[in-house]
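protein.txt, holding compact mmCIF, C-alpha atoms:
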# COMPACT_ATOMS: atom_id res chain seq x y z
CA MET A 1 -187.73 57.70 -95.39
CA ASP A 2 -188.41 58.58 -91.72
CA LYS A 3 -187.83 56.13 -88.88
CA GLN A 4 -191.51 55.16 -88.50
CA LYS A 5 -191.87 54.36 -92.20
CA ARG A 6 -188.66 52.29 -92.16
CA ILE A 7 -190.06 50.19 -89.30
CA VAL A 8 -193.35 49.66 -91.17
CA HIS A 9 -191.46 48.67 -94.33
CA MET A 10 -189.45 46.12 -92.31
CA PHE A 11 -192.67 44.51 -91.03
CA ASP A 12 -194.04 44.42 -94.59
CA ASP A 13 -190.98 42.36 -95.54
CA ILE A 14 -191.36 39.75 -92.78
CA ALA A 15 -195.19 39.54 -92.71
CA LYS A 16 -195.54 36.09 -94.27
CA SER A 17 -193.06 34.45 -91.89
CA TYR A 18 -193.91 36.54 -88.83
CA ASP A 19 -196.17 34.01 -87.04
CA LEU A 20 -193.73 31.13 -87.45
CA ALA A 21 -190.82 33.27 -86.27
CA ASN A 22 -192.77 34.36 -83.17
CA ARG A 23 -193.59 30.78 -82.21
CA VAL A 24 -190.01 29.57 -82.76
CA LEU A 25 -188.28 32.49 -81.04
CA SER A 26 -190.52 32.50 -77.95
CA PHE A 27 -190.71 28.67 -77.79
CA GLY A 28 -194.48 29.13 -78.00
CA SER A 29 -194.56 31.19 -74.80
CA ASP A 30 -196.12 34.21 -76.52
CA ILE A 31 -199.34 32.19 -76.88
CA ALA A 32 -199.58 31.72 -73.09
CA TRP A 33 -198.72 35.40 -72.48
CA ARG A 34 -201.46 36.58 -74.86
CA LYS A 35 -204.09 34.24 -73.41
CA ARG A 36 -203.28 35.30 -69.87
CA ALA A 37 -203.56 38.97 -70.83
CA CYS A 38 -207.02 38.41 -72.33
CA GLU A 39 -208.23 36.40 -69.33
CA MET A 40 -207.05 38.97 -66.80
CA ALA A 41 -208.52 41.90 -68.73
CA TYR A 42 -211.92 40.24 -69.15
CA ASP A 43 -211.98 39.31 -65.44
CA LEU A 44 -211.14 42.89 -64.49
CA TYR A 45 -213.82 44.39 -66.73
CA ASP A 46 -216.36 41.79 -65.59
CA LYS A 47 -219.09 42.36 -68.21
CA LYS A 48 -220.80 39.80 -70.42
CA SER A 49 -221.33 42.16 -73.35
CA ILE A 50 -218.64 44.32 -74.99
CA GLU A 51 -219.28 46.60 -77.95
CA SER A 52 -215.78 46.77 -79.44
CA ILE A 53 -212.21 45.63 -78.94
CA VAL A 54 -209.51 47.51 -80.87
CA ASP A 55 -206.13 45.82 -81.31
CA VAL A 56 -203.51 48.37 -82.35
CA ALA A 57 -200.38 47.26 -84.25
CA CYS A 58 -202.43 44.09 -84.79
CA GLY A 59 -199.91 42.55 -87.16
CA THR A 60 -201.22 39.25 -88.48
CA GLY A 61 -204.28 39.33 -86.20
CA ASP A 62 -203.14 36.87 -83.53
CA MET A 63 -204.27 38.94 -80.56
CA LEU A 64 -207.71 39.50 -82.07
CA GLY A 65 -208.00 35.74 -82.41
CA PHE A 66 -207.19 35.29 -78.72
CA TRP A 67 -209.63 38.02 -77.70
CA GLN A 68 -212.36 36.15 -79.60
CA LYS A 69 -211.42 32.69 -78.34
CA ILE A 70 -211.20 33.68 -74.66
CA ALA A 71 -214.46 35.68 -74.92
CA ALA A 72 -216.24 32.58 -76.25
CA LYS A 73 -214.73 30.48 -73.45
CA LYS A 74 -216.00 32.95 -70.83
CA GLY A 75 -219.42 33.44 -72.43
CA ILE A 76 -218.72 37.09 -73.30
CA ASP A 77 -220.45 38.60 -76.33
CA VAL A 78 -218.14 40.96 -78.27
CA LEU A 79 -219.91 42.79 -81.08
CA ASP A 80 -216.94 44.20 -83.02
CA PHE A 81 -213.26 43.24 -83.31
CA ILE A 82 -211.11 45.89 -85.01
CA GLY A 83 -207.47 45.49 -86.03
CA VAL A 84 -205.34 48.56 -86.75
CA ASP A 85 -201.87 48.44 -88.31
CA PRO A 86 -199.82 50.67 -90.65
CA SER A 87 -198.26 47.64 -92.39
CA ARG A 88 -200.25 46.62 -95.43
CA GLY A 89 -198.31 43.35 -95.62
CA MET A 90 -199.28 42.41 -92.08
CA LEU A 91 -202.93 43.31 -92.67
CA GLU A 92 -203.05 41.15 -95.79
CA VAL A 93 -201.98 38.13 -93.73
CA ALA A 94 -204.45 39.05 -90.97
CA LYS A 95 -207.34 39.24 -93.44
CA GLU A 96 -206.48 35.77 -94.78
CA LYS A 97 -206.40 34.29 -91.25
CA PHE A 98 -209.36 36.17 -89.78
CA PRO A 99 -211.54 37.54 -92.60
CA HIS A 100 -214.46 38.15 -90.22
CA PHE A 101 -212.68 40.94 -88.28
CA ARG A 102 -212.62 44.59 -89.32
CA TYR A 103 -209.27 46.19 -90.24
CA LEU A 104 -207.96 49.72 -90.58
CA GLU A 105 -204.61 50.71 -92.08
CA ALA A 106 -203.39 53.44 -89.75
CA TYR A 107 -200.70 54.49 -87.30
CA ALA A 108 -201.19 54.11 -83.55
CA GLN A 109 -200.79 57.86 -83.07
CA GLU A 110 -203.48 58.63 -85.67
CA LEU A 111 -206.38 56.26 -84.99
CA PRO A 112 -209.35 56.81 -87.35
CA LEU A 113 -211.89 56.07 -84.61
CA GLU A 114 -214.41 58.19 -82.72
CA ASN A 115 -213.90 59.51 -79.21
CA ALA A 116 -215.03 57.08 -76.50
CA SER A 117 -215.91 54.39 -79.05
CA ALA A 118 -214.03 51.35 -77.68
CA GLU A 119 -214.25 49.37 -74.46
CA PHE A 120 -210.92 47.60 -74.89
CA VAL A 121 -207.71 48.73 -76.61
CA SER A 122 -204.75 46.37 -76.82
CA ILE A 123 -201.27 46.62 -78.26
CA THR A 124 -199.01 43.58 -78.00
CA TYR A 125 -195.30 43.83 -78.70
CA GLY A 126 -195.94 46.97 -80.73
CA ILE A 127 -195.69 50.01 -78.47
CA ARG A 128 -191.88 50.08 -78.61
CA ASN A 129 -192.13 50.34 -82.43
CA VAL A 130 -194.23 53.51 -82.21
CA VAL A 131 -191.91 56.50 -82.60
CA GLU A 132 -194.50 58.99 -81.32
CA ARG A 133 -195.37 56.83 -78.31
CA GLN A 134 -196.89 59.51 -76.07
CA GLU A 135 -199.21 60.65 -78.86
CA ALA A 136 -200.29 57.00 -79.31
CA ILE A 137 -201.04 56.60 -75.60
CA GLU A 138 -203.13 59.78 -75.76
CA GLU A 139 -205.01 58.27 -78.72
CA PHE A 140 -205.71 55.10 -76.74
CA PHE A 141 -207.14 57.25 -73.94
CA ARG A 142 -209.22 59.27 -76.42
CA ILE A 143 -210.94 56.34 -78.11
CA LEU A 144 -211.64 54.42 -74.89
CA LYS A 145 -214.95 54.84 -73.13
CA PRO A 146 -214.87 55.83 -69.45
CA GLY A 147 -214.07 52.64 -67.58
CA GLY A 148 -212.50 51.17 -70.72
CA VAL A 149 -209.42 48.97 -70.47
CA LEU A 150 -205.99 49.30 -72.08
CA VAL A 151 -203.90 46.12 -72.37
CA ILE A 152 -200.20 46.30 -73.28
CA LEU A 153 -197.85 43.33 -73.63
CA GLU A 154 -194.26 44.32 -74.26
CA PHE A 155 -190.59 43.47 -73.93
CA THR A 156 -189.45 46.16 -71.52
CA LYS A 157 -185.88 47.26 -70.90
CA ARG A 158 -184.13 45.10 -68.31
CA GLU A 159 -181.74 46.31 -65.63
CA LYS A 160 -179.47 43.24 -66.10
CA ARG A 161 -178.90 42.59 -62.41
CA THR A 162 -179.02 38.79 -62.23
CA PRO A 163 -177.37 35.83 -64.01
CA MET A 164 -180.72 35.11 -65.71
CA ASP A 165 -180.69 38.65 -67.14
CA ALA A 166 -177.31 37.85 -68.73
CA VAL A 167 -178.69 34.63 -70.24
CA VAL A 168 -181.71 36.45 -71.67
CA GLU A 169 -179.47 39.18 -73.14
CA LEU A 170 -177.23 36.55 -74.78
CA TYR A 171 -180.26 34.87 -76.34
CA MET A 172 -181.80 38.13 -77.54
CA LYS A 173 -178.62 39.57 -79.04
CA LYS A 174 -176.83 36.50 -80.38
CA VAL A 175 -179.24 33.60 -80.86
CA LEU A 176 -182.50 35.36 -81.77
CA PRO A 177 -181.16 37.31 -84.80
CA ARG A 178 -179.71 34.13 -86.31
CA ILE A 179 -182.83 32.01 -85.86
CA GLY A 180 -185.12 34.86 -86.86
CA GLY A 181 -183.01 35.48 -89.93
CA LEU A 182 -183.17 31.82 -90.95
CA VAL A 183 -186.95 31.60 -90.50
CA SER A 184 -187.79 34.94 -92.10
CA GLY A 185 -184.92 35.48 -94.53
CA ASN A 186 -184.41 38.90 -92.95
CA LYS A 187 -181.71 38.87 -90.26
CA GLU A 188 -181.70 42.66 -90.05
CA ALA A 189 -185.29 42.68 -88.80
CA TYR A 190 -184.41 40.36 -85.93
CA GLU A 191 -181.29 42.36 -85.08
CA TYR A 192 -183.66 45.31 -84.72
CA LEU A 193 -185.72 43.50 -82.05
CA PRO A 194 -183.13 43.36 -79.21
CA ASN A 195 -181.90 46.85 -80.08
CA SER A 196 -185.46 48.20 -79.90
CA ILE A 197 -185.83 46.68 -76.42
CA ASP A 198 -182.56 48.22 -75.22
CA ASN A 199 -183.73 51.60 -76.51
CA PHE A 200 -187.18 51.24 -74.94
CA LEU A 201 -188.45 52.06 -71.45
CA THR A 202 -188.24 50.20 -68.19
CA THR A 203 -191.49 48.91 -66.69
CA GLU A 204 -191.54 51.80 -64.22
CA GLN A 205 -191.06 54.40 -66.98
CA LEU A 206 -193.94 53.04 -69.05
CA VAL A 207 -196.20 53.03 -65.98
CA ARG A 208 -195.37 56.71 -65.41
CA GLU A 209 -196.21 57.55 -69.04
CA LEU A 210 -199.57 55.77 -68.80
CA GLU A 211 -200.44 57.51 -65.54
CA SER A 212 -199.42 60.91 -66.88
CA ALA A 213 -201.82 60.36 -69.81
CA GLY A 214 -204.67 59.90 -67.31
CA PHE A 215 -204.80 56.11 -66.96
CA THR A 216 -205.18 54.29 -63.65
CA MET A 217 -202.90 51.25 -63.44
CA ARG A 218 -204.73 48.06 -62.51
CA THR A 219 -202.15 45.32 -63.16
CA VAL A 220 -198.43 45.06 -63.93
CA ARG A 221 -197.26 41.46 -64.29
CA SER A 222 -194.01 40.03 -65.63
CA PHE A 223 -193.80 36.66 -67.39
CA SER A 224 -190.93 34.24 -67.98
CA PHE A 225 -188.24 35.85 -65.82
CA GLY A 226 -189.29 39.33 -66.86
CA ILE A 227 -188.89 38.75 -70.59
CA SER A 228 -192.45 39.92 -71.24
CA THR A 229 -194.48 42.39 -69.16
CA LEU A 230 -198.25 42.85 -69.03
CA PHE A 231 -199.75 46.26 -68.28
CA ILE A 232 -203.48 46.67 -67.71
CA ALA A 233 -204.69 50.24 -67.24
CA GLN A 234 -208.16 51.73 -67.05
CA LYS A 235 -209.64 55.04 -68.17
CA PRO A 236 -211.42 56.65 -65.18

Can the structure in the file be given as structure tokens, please?
Amino acid sequence: MDKQKRIVHMFDDIAKSYDLANRVLSFGSDIAWRKRACEMAYDLYDKKSIESIVDVACGTGDMLGFWQKIAAKKGIDVLDFIGVDPSRGMLEVAKEKFPHFRYLEAYAQELPLENASAEFVSITYGIRNVVERQEAIEEFFRILKPGGVLVILEFTKREKRTPMDAVVELYMKKVLPRIGGLVSGNKEAYEYLPNSIDNFLTTEQLVRELESAGFTMRTVRSFSFGISTLFIAQKP
């Protein structure tokens, strides 16, 4: 089994406990991070009607739910919400939670969508799990309409320069796997999380990859002492 399929299989295993684990492990902060990302992206785009929002690596559908909720709050009419994920287990949970959205079982680097068919593409805490990351970024660019917006929330690699960096590293490597293992019954999956962050890019490296794919960076914002980073880019 190749690396990408092993990652997908791991998410199949933890799908039913994934939401609870996220809330516990982030102390609920991921909700605020997601809402802020939606608000900032909508404000940047500044249109009251949007044809489609595609959430890649949608997992259990949480981000789609926030896209819908914040759109309603701002009086924005979104015609189509589409969730894409290669994990069948995650999609099954998403369909139970949000049966009114549309879902596609597919990899980020092989999106079954037409060229220039989406106005928004988002991927939250999923880009570091994509083995063929550059191909995925090129796919995001392909399916976005000119002027379309890409929103990425991710745990980027930290330089570990301050005492707070040391505290965060201790939590991620020692505390998180134990709590995640208790909540999900799969400690291995939550040992993978901090390792995947260490093996991922810094904020600056991801910005360079997005720009080299043709995107124009509009916002880079860190949350909670740099634990989570928001990237908003736009297709010219």

* Structure fact -> If you count only C-alpha atoms, the residue of A:Asn115, A:Lys16, A:Ala72, A:Ala37 closest to A:Lys97 turns out to be A:Lys16

* Could you name the residues that touch A:Leu153 at 9 Å or less, counting only C-alpha atoms, but leaving out those on the same chain fewer than 4 positions away, as a PyMOL selection string? -> chain A and resi 33-34+37+122-127+228-232

* Asked: Looking at A:Lys47, A:Arg36, A:Arg128, A:Lys145, which one is nearest to A:Gly75, with distances taken over all atoms listed in the file?
  -> A:Lys47

* Atomic separation - atom CA of A:Phe223 relative to atom CA of A:Glu39, Å -> 14.6 Å

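For the atom pair formed by atom CA of A:Ser87 and atom CA of A:Ala57, the distance is 8.4 Å, given to one decimal.
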
* Residues within 12 Å of (-194.0, 50.3, -82.8), file coords, all atoms listed in the file, listed as an MDAnalysis selection string -> chainID A and resid 3:11 56:59 85:87 107:109 123:134 136:137 154:155 192:193 196:197 200

* **Residue list as a list in words for point (-215.7, 50.9, -72.4), cut-off 9 Å, all atoms listed in the file** => Tyr45, Ile50, Glu51, Ser52, Ala116, Ser117, Ala118, Glu119, Phe120, Leu144, Lys145, Pro146, Gly147, Gly148, Val149 and Lys235 of chain A

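Atom to atom, atom CA of A:Glu92 and atom CA of A:Leu64 stand 14.6 Å apart.
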
* From the set A:Gly89, A:Gly214, A:Gly83, A:Gly226, which residue has the shortest atom-to-atom contact distance to A:Asp12, counting all atoms listed in the file? -> A:Gly89

To box stretch 222-230 of chain A, take all atoms listed in the file, fit an axis-aligned box, add 4 Å on each side, and give centre and edge lengths in Å to one decimal, as JSON.
{"center_x": -193.2, "center_y": 38.5, "center_z": -68.4, "size_x": 18.0, "size_y": 16.6, "size_z": 13.6}

If I only have part of stretch 112-128 of chain A, can you fill in N, CA and C atoms and write it as a PDB file, in the coordinates of the input?
ATOM      1  N   PRO A 112    -208.148  56.279 -86.693  1.00  0.00           N
ATOM      2  CA  PRO A 112    -209.350  56.810 -87.350  1.00  0.00           C
ATOM      3  C   PRO A 112    -210.637  56.297 -86.694  1.00  0.00           C
ATOM      4  N   LEU A 113    -210.750  56.548 -85.392  1.00  0.00           N
ATOM      5  CA  LEU A 113    -211.890  56.070 -84.610  1.00  0.00           C
ATOM      6  C   LEU A 113    -212.442  57.213 -83.768  1.00  0.00           C
ATOM      7  N   GLU A 114    -213.732  57.129 -83.463  1.00  0.00           N
ATOM      8  CA  GLU A 114    -214.410  58.190 -82.720  1.00  0.00           C
ATOM      9  C   GLU A 114    -213.978  58.219 -81.251  1.00  0.00           C
ATOM     10  N   ASN A 115    -214.135  59.373 -80.653  1.00  0.00           N
ATOM     11  CA  ASN A 115    -213.900  59.510 -79.210  1.00  0.00           C
ATOM     12  C   ASN A 115    -214.807  58.540 -78.448  1.00  0.00           C
ATOM     13  N   ALA A 116    -214.254  57.950 -77.397  1.00  0.00           N
ATOM     14  CA  ALA A 116    -215.030  57.080 -76.500  1.00  0.00           C
ATOM     15  C   ALA A 116    -215.847  56.034 -77.259  1.00  0.00           C
ATOM     16  N   SER A 117    -215.199  55.360 -78.206  1.00  0.00           N
ATOM     17  CA  SER A 117    -215.910  54.390 -79.050  1.00  0.00           C
ATOM     18  C   SER A 117    -215.517  52.941 -78.772  1.00  0.00           C
ATOM     19  N   ALA A 118    -214.502  52.707 -77.932  1.00  0.00           N
ATOM     20  CA  ALA A 118    -214.030  51.350 -77.680  1.00  0.00           C
ATOM     21  C   ALA A 118    -214.041  51.043 -76.184  1.00  0.00           C
ATOM     22  N   GLU A 119    -214.301  49.794 -75.860  1.00  0.00           N
ATOM     23  CA  GLU A 119    -214.250  49.370 -74.460  1.00  0.00           C
ATOM     24  C   GLU A 119    -212.902  48.760 -74.101  1.00  0.00           C
ATOM     25  N   PHE A 120    -212.248  48.165 -75.100  1.00  0.00           N
ATOM     26  CA  PHE A 120    -210.920  47.600 -74.890  1.00  0.00           C
ATOM     27  C   PHE A 120    -209.999  48.123 -76.009  1.00  0.00           C
ATOM     28  N   VAL A 121    -208.778  48.480 -75.642  1.00  0.00           N
ATOM     29  CA  VAL A 121    -207.710  48.730 -76.610  1.00  0.00           C
ATOM     30  C   VAL A 121    -206.538  47.870 -76.186  1.00  0.00           C
ATOM     31  N   SER A 122    -205.951  47.148 -77.132  1.00  0.00           N
ATOM     32  CA  SER A 122    -204.750  46.370 -76.820  1.00  0.00           C
ATOM     33  C   SER A 122    -203.657  46.685 -77.822  1.00  0.00           C
ATOM     34  N   ILE A 123    -202.428  46.535 -77.370  1.00  0.00           N
ATOM     35  CA  ILE A 123    -201.270  46.620 -78.260  1.00  0.00           C
ATOM     36  C   ILE A 123    -200.228  45.653 -77.716  1.00  0.00           C
ATOM     37  N   THR A 124    -199.912  44.625 -78.474  1.00  0.00           N
ATOM     38  CA  THR A 124    -199.010  43.580 -78.000  1.00  0.00           C
ATOM     39  C   THR A 124    -197.733  43.570 -78.812  1.00  0.00           C
ATOM     40  N   TYR A 125    -196.635  43.798 -78.112  1.00  0.00           N
ATOM     41  CA  TYR A 125    -195.300  43.830 -78.700  1.00  0.00           C
ATOM     42  C   TYR A 125    -195.223  44.834 -79.857  1.00  0.00           C
ATOM     43  N   GLY A 126    -195.923  45.947 -79.683  1.00  0.00           N
ATOM     44  CA  GLY A 126    -195.940  46.970 -80.730  1.00  0.00           C
ATOM     45  C   GLY A 126    -195.646  48.374 -80.243  1.00  0.00           C
ATOM     46  N   ILE A 127    -195.826  48.635 -78.947  1.00  0.00           N
ATOM     47  CA  ILE A 127    -195.690  50.010 -78.470  1.00  0.00           C
ATOM     48  C   ILE A 127    -194.256  50.516 -78.606  1.00  0.00           C
ATOM     49  N   ARG A 128    -193.273  49.622 -78.492  1.00  0.00           N
ATOM     50  CA  ARG A 128    -191.880  50.080 -78.610  1.00  0.00           C
ATOM     51  C   ARG A 128    -191.528  50.431 -80.057  1.00  0.00           C
TER      52      ARG A 128
END
